[in-house]
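Trainee: Sharing a structure with you now.
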Amino acid sequence: MAAPPPSSTPPATAANPNPDRNSKRKRKPKPKPVKPSALNPNWAQLQAKLPHRPAATHLGKRKDRDGPPPPPEAAEPSPPAEGEAAVKLEPTSDDTSLTKALAVDCEMVGVGSDGSKSALGRVTLVNSFGNVVYDEYVRTVERIVDYRTRISGIRPKHMNKAKEFWTVQKEVAELIKGRILVGHALHNDLKVLLLSHPKKDIRDTSEYEVFRRERKRRSLKDLAAEVLGAKIQQSEHCPIEDARAAMFIYNKHKKGWEKHMKDQFRSKKKLKKRGKKKSAESNGNDPNVPTVLL
């Protein structure tokens with residue numbers, strides 16, 4: 001049997017040896033653009049470690065802006081300086097014992113025919129911590145003509161619970177005996193108390209040379225503002241506050257003040273010895289010169 005004649009159409013394998021080739025040549029889909037918000041995880045971690053910076057904004061001309069630029073972040077307020085905001089002095093401890101140093105302050109009232117003569121109306125003592133150890137109103141020996149309330153803060157009602165002057169004087173004398181007495185213009189306080197105190201045990205803030213300005217005494221109000229940063233005597237005087245201010249001023253300068261007092265009394269002793277020696281020499285009693293007996 002004869003073979004069939006060849007077909008005019010070439011076989012598929014000859015015309016297209018790889019039928020799947022065209023299908024594989026299809027264009028690859030374009031990658032979708034990454035959204036601006038999507039971040040690489042590594043970049044996100046790095047950003048978290050970097051210091052925060054405000055996001056950049058595109059600003060056009062000033063007239064084209066929607067509104068004024070945001071105000072800068074307010075800086076944290078710095079703490080006030082020591083004593084700057086203090087208006088009232090407070091005790092530094094709850095200890096109300098009698099310490100080696102006591103501060104005193106007295107308020108006076110006016111007696112006499114015209115009220116110009118000062119008499120003791122109130123006396124206050126505080127210890128080294130600023131705690132009150134004694135505070136009494138005083139019934140004056142003479143009739144009170146002027147309570148001087150604008151300064152003293154004393155009113156007629158306070159005399160209802162006042163103690164007799166001689167009782168107060170005795171109690172104060174016992175408290176300050178053998179102790180350092182601190183105060184401002186202490187000669188006035190001791191004068192109305194009719195008391196004296198050893199000079200070596202007096203610490204007067206109006207007399208200490210360090211506190212003077214151009215060799216002039218300064219007020220306790222001025223010293224409290226400068227040394228303690230405290231405001232006192234804004235209206236009526238408070239003897240507790242004034243005594244406390246004097247004590248705290250002394251405490252701040254205690255080391256230098258005590259050294260100054262020791263040096264001062266040491267030099268006075270030397271001068272006293274020199275004076276005695278000179279007086280002995282002038283009288284012919286010089287121990288270095290032999291005495292001639294006739």
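By convention in this document, the chains of the structure tokens carry letters A, B, ... by their order, each chain's residues are numbered from 1, and ligands are numbered from 1 in the order they are shown.
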Name the residues of region 74-253 of chain A that fall into helix (DSSP H, G or I) according to DSSP on the backbone, using the chain letters and numbers of this document, as a count of residues only.
Mentor: 59
Trainee: Ile202 (chain A): which residues within 12 Å, counting only C-alpha atoms, same-chain residues fewer than 6 positions away excluded, as a PyMOL selection string?
Mentor: chain A and resi 101-104+176-187+190+196+208+250+257-258+261
Trainee: Any idea what the distance is between CA of Lys200 (chain A) and CA of Gln264 (chain A)?
Mentor: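 Going from CA of Lys200 (chain A) over to CA of Gln264 (chain A) covers 9.7 Å.
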Trainee: With only C-alpha atoms as the counted atoms, please give the residues lying no more than 10 Å from region 251-255 of chain A, apart from itself and same-chain residues fewer than 2 positions off, as a PyMOL selection string.
Mentor: chain A and resi 101+128-129+203+210+227-228+245-249+257-260
Trainee: Hey, what's within 10 Å of Arg217 (chain A) if we count only C-alpha atoms and toss same-chain stuff fewer than 6 positions away? As a compact mmCIF listing (two decimals) with C-alpha atoms, in the first residue's frame, please?
Mentor:
# COMPACT_ATOMS: atom_id res chain seq x y z
CA ALA A 185 19.41 97.24 117.58
CA THR A 205 22.74 92.53 113.20
CA SER A 206 22.75 96.35 113.12
CA GLU A 207 26.30 96.51 114.49
CA TYR A 208 28.07 93.74 112.58
CA GLU A 209 30.52 95.39 110.19
CA PHE A 211 26.23 94.11 107.13
Trainee: Which of these residues is nearest to Asp135 (chain A), using only C-alpha atoms: A:Arg150, A:Lys157, A:Arg274, A:Lys163?
Mentor: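 Closest to Asp135 (chain A), using only C-alpha atoms: A:Lys163.
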Trainee: Tell me, as an MDAnalysis selection string, which residues lie within 9 Å of Val133 (chain A), counting only C-alpha atoms; anything in the same chain fewer than 6 positions away does not count.
Mentor: chainID A and resid 96:98 102 124:127
Trainee: Hey, what's within 12 Å of Trp166 (chain A) if we count only C-alpha atoms and toss same-chain stuff fewer than 2 positions away? As a list of chain:residue names, please?
Mentor: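 So, after excluding close chain neighbours, the residues are A:Leu120, A:Val138, A:Arg139, A:Thr140, A:Val141, A:Ala162, A:Lys163, A:Glu164, A:Val168, A:Gln169, A:Lys170, A:Glu171, A:Val172, A:Ala173, A:Val192, A:Leu193, A:Leu194, A:Leu195.
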Trainee: Save the residues we just selected, N, CA, C and O atoms, as an mmCIF file, in the first residue's frame?
Mentor:
data_model
loop_
_atom_site.group_PDB
_atom_site.id
_atom_site.type_symbol
_atom_site.label_atom_id
_atom_site.label_comp_id
_atom_site.auth_asym_id
_atom_site.auth_seq_id
_atom_site.Cartn_x
_atom_site.Cartn_y
_atom_site.Cartn_z
ATOM 1 N N LEU A 120 7.625 98.914 127.160
ATOM 2 C CA LEU A 120 7.512 97.560 126.620
ATOM 3 C C LEU A 120 6.051 97.129 126.525
ATOM 4 O O LEU A 120 5.301 97.184 127.508
ATOM 5 N N VAL A 138 2.746 92.786 127.604
ATOM 6 C CA VAL A 138 3.196 93.347 128.882
ATOM 7 C C VAL A 138 2.286 94.501 129.306
ATOM 8 O O VAL A 138 2.002 95.405 128.503
ATOM 9 N N ARG A 139 1.863 94.447 130.564
ATOM 10 C CA ARG A 139 1.079 95.550 131.123
ATOM 11 C C ARG A 139 2.054 96.592 131.651
ATOM 12 O O ARG A 139 2.823 96.339 132.576
ATOM 13 N N THR A 140 2.032 97.753 131.047
ATOM 14 C CA THR A 140 3.009 98.792 131.388
ATOM 15 C C THR A 140 2.733 99.380 132.767
ATOM 16 O O THR A 140 1.599 99.343 133.268
ATOM 17 N N VAL A 141 3.809 99.919 133.358
ATOM 18 C CA VAL A 141 3.669 100.562 134.666
ATOM 19 C C VAL A 141 2.887 101.861 134.521
ATOM 20 O O VAL A 141 1.992 102.164 135.325
ATOM 21 N N ALA A 162 -2.321 90.465 129.342
ATOM 22 C CA ALA A 162 -0.928 90.867 129.509
ATOM 23 C C ALA A 162 -0.424 90.545 130.907
ATOM 24 O O ALA A 162 -1.185 90.514 131.883
ATOM 25 N N LYS A 163 0.896 90.316 131.007
ATOM 26 C CA LYS A 163 1.552 90.067 132.296
ATOM 27 C C LYS A 163 2.139 91.371 132.832
ATOM 28 O O LYS A 163 2.421 92.299 132.079
ATOM 29 N N GLU A 164 2.339 91.386 134.142
ATOM 30 C CA GLU A 164 2.976 92.544 134.748
ATOM 31 C C GLU A 164 4.416 92.682 134.259
ATOM 32 O O GLU A 164 5.097 91.684 134.002
ATOM 33 N N VAL A 168 7.512 89.769 133.633
ATOM 34 C CA VAL A 168 8.109 89.520 132.321
ATOM 35 C C VAL A 168 9.608 89.775 132.370
ATOM 36 O O VAL A 168 10.410 88.996 131.826
ATOM 37 N N GLN A 169 10.012 90.853 132.997
ATOM 38 C CA GLN A 169 11.437 91.182 133.082
ATOM 39 C C GLN A 169 12.221 90.053 133.745
ATOM 40 O O GLN A 169 13.297 89.661 133.263
ATOM 41 N N LYS A 170 11.700 89.516 134.830
ATOM 42 C CA LYS A 170 12.381 88.442 135.552
ATOM 43 C C LYS A 170 12.470 87.177 134.709
ATOM 44 O O LYS A 170 13.522 86.519 134.648
ATOM 45 N N GLU A 171 11.394 86.832 134.011
ATOM 46 C CA GLU A 171 11.381 85.611 133.195
ATOM 47 C C GLU A 171 12.348 85.718 132.018
ATOM 48 O O GLU A 171 13.053 84.757 131.702
ATOM 49 N N VAL A 172 12.389 86.877 131.379
ATOM 50 C CA VAL A 172 13.301 87.078 130.246
ATOM 51 C C VAL A 172 14.747 87.034 130.724
ATOM 52 O O VAL A 172 15.612 86.432 130.076
ATOM 53 N N ALA A 173 15.031 87.653 131.864
ATOM 54 C CA ALA A 173 16.393 87.665 132.399
ATOM 55 C C ALA A 173 16.883 86.244 132.667
ATOM 56 O O ALA A 173 18.048 85.921 132.406
ATOM 57 N N VAL A 192 14.213 98.968 127.129
ATOM 58 C CA VAL A 192 12.816 98.904 127.597
ATOM 59 C C VAL A 192 12.594 97.749 128.576
ATOM 60 O O VAL A 192 11.663 97.772 129.369
ATOM 61 N N LEU A 193 13.468 96.739 128.507
ATOM 62 C CA LEU A 193 13.389 95.632 129.472
ATOM 63 C C LEU A 193 14.082 95.980 130.784
ATOM 64 O O LEU A 193 13.957 95.239 131.772
ATOM 65 N N LEU A 194 14.832 97.077 130.792
ATOM 66 C CA LEU A 194 15.636 97.487 131.950
ATOM 67 C C LEU A 194 16.601 96.369 132.342
ATOM 68 O O LEU A 194 16.763 96.024 133.518
ATOM 69 N N LEU A 195 17.238 95.802 131.313
ATOM 70 C CA LEU A 195 18.194 94.716 131.522
ATOM 71 C C LEU A 195 19.512 95.054 130.844
ATOM 72 O O LEU A 195 19.585 95.911 129.968
#
Trainee: Apply DSSP to the backbone of this structure and, from region 82-289 of chain A, keep only the residues in strand (DSSP E); write these as a PyMOL selection string.
Mentor: chain A and resi 101-111+117-126+132-139+144-146+163-164+180-183+202-204
Trainee: Write a file of the selected residues as an mmCIF file, in the first residue's frame, keeping C-alpha atoms.
Mentor:
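The resulting file, out05.cif, is reproduced below:
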data_model
loop_
_atom_site.group_PDB
_atom_site.id
_atom_site.type_symbol
_atom_site.label_atom_id
_atom_site.label_comp_id
_atom_site.auth_asym_id
_atom_site.auth_seq_id
_atom_site.Cartn_x
_atom_site.Cartn_y
_atom_site.Cartn_z
ATOM 1 C CA ALA A 101 21.580 81.353 121.151
ATOM 2 C CA LEU A 102 18.229 83.124 121.538
ATOM 3 C CA ALA A 103 16.883 85.983 119.438
ATOM 4 C CA VAL A 104 14.750 88.709 121.017
ATOM 5 C CA ASP A 105 12.456 91.364 119.615
ATOM 6 C CA CYS A 106 10.308 93.855 121.502
ATOM 7 C CA GLU A 107 7.382 95.989 120.424
ATOM 8 C CA MET A 108 6.849 99.298 122.192
ATOM 9 C CA VAL A 109 3.852 101.412 123.082
ATOM 10 C CA GLY A 110 3.752 105.122 123.900
ATOM 11 C CA VAL A 111 3.402 106.364 127.469
ATOM 12 C CA LYS A 117 8.044 107.848 125.738
ATOM 13 C CA SER A 118 8.496 104.162 124.828
ATOM 14 C CA ALA A 119 7.460 101.324 127.107
ATOM 15 C CA LEU A 120 7.512 97.560 126.620
ATOM 16 C CA GLY A 121 4.275 96.230 125.122
ATOM 17 C CA ARG A 122 5.303 92.778 123.888
ATOM 18 C CA VAL A 123 8.458 90.669 124.006
ATOM 19 C CA THR A 124 9.285 87.546 121.985
ATOM 20 C CA LEU A 125 12.166 85.071 122.141
ATOM 21 C CA VAL A 126 12.913 82.433 119.493
ATOM 22 C CA VAL A 132 8.998 80.630 119.797
ATOM 23 C CA VAL A 133 10.157 79.909 123.345
ATOM 24 C CA TYR A 134 8.611 83.002 124.945
ATOM 25 C CA ASP A 135 5.959 85.451 123.764
ATOM 26 C CA GLU A 136 4.074 87.735 126.155
ATOM 27 C CA TYR A 137 2.143 90.996 126.103
ATOM 28 C CA VAL A 138 3.196 93.347 128.882
ATOM 29 C CA ARG A 139 1.079 95.550 131.123
ATOM 30 C CA ILE A 144 -0.655 103.726 127.630
ATOM 31 C CA VAL A 145 -1.343 106.855 125.588
ATOM 32 C CA ASP A 146 -0.462 105.499 122.115
ATOM 33 C CA LYS A 163 1.552 90.067 132.296
ATOM 34 C CA GLU A 164 2.976 92.544 134.748
ATOM 35 C CA ILE A 180 24.139 84.426 123.186
ATOM 36 C CA LEU A 181 21.544 87.118 122.571
ATOM 37 C CA VAL A 182 20.722 87.846 118.918
ATOM 38 C CA GLY A 183 18.677 90.740 117.633
ATOM 39 C CA ILE A 202 25.605 90.034 122.088
ATOM 40 C CA ARG A 203 25.156 89.490 118.328
ATOM 41 C CA ASP A 204 23.526 92.614 116.935
#
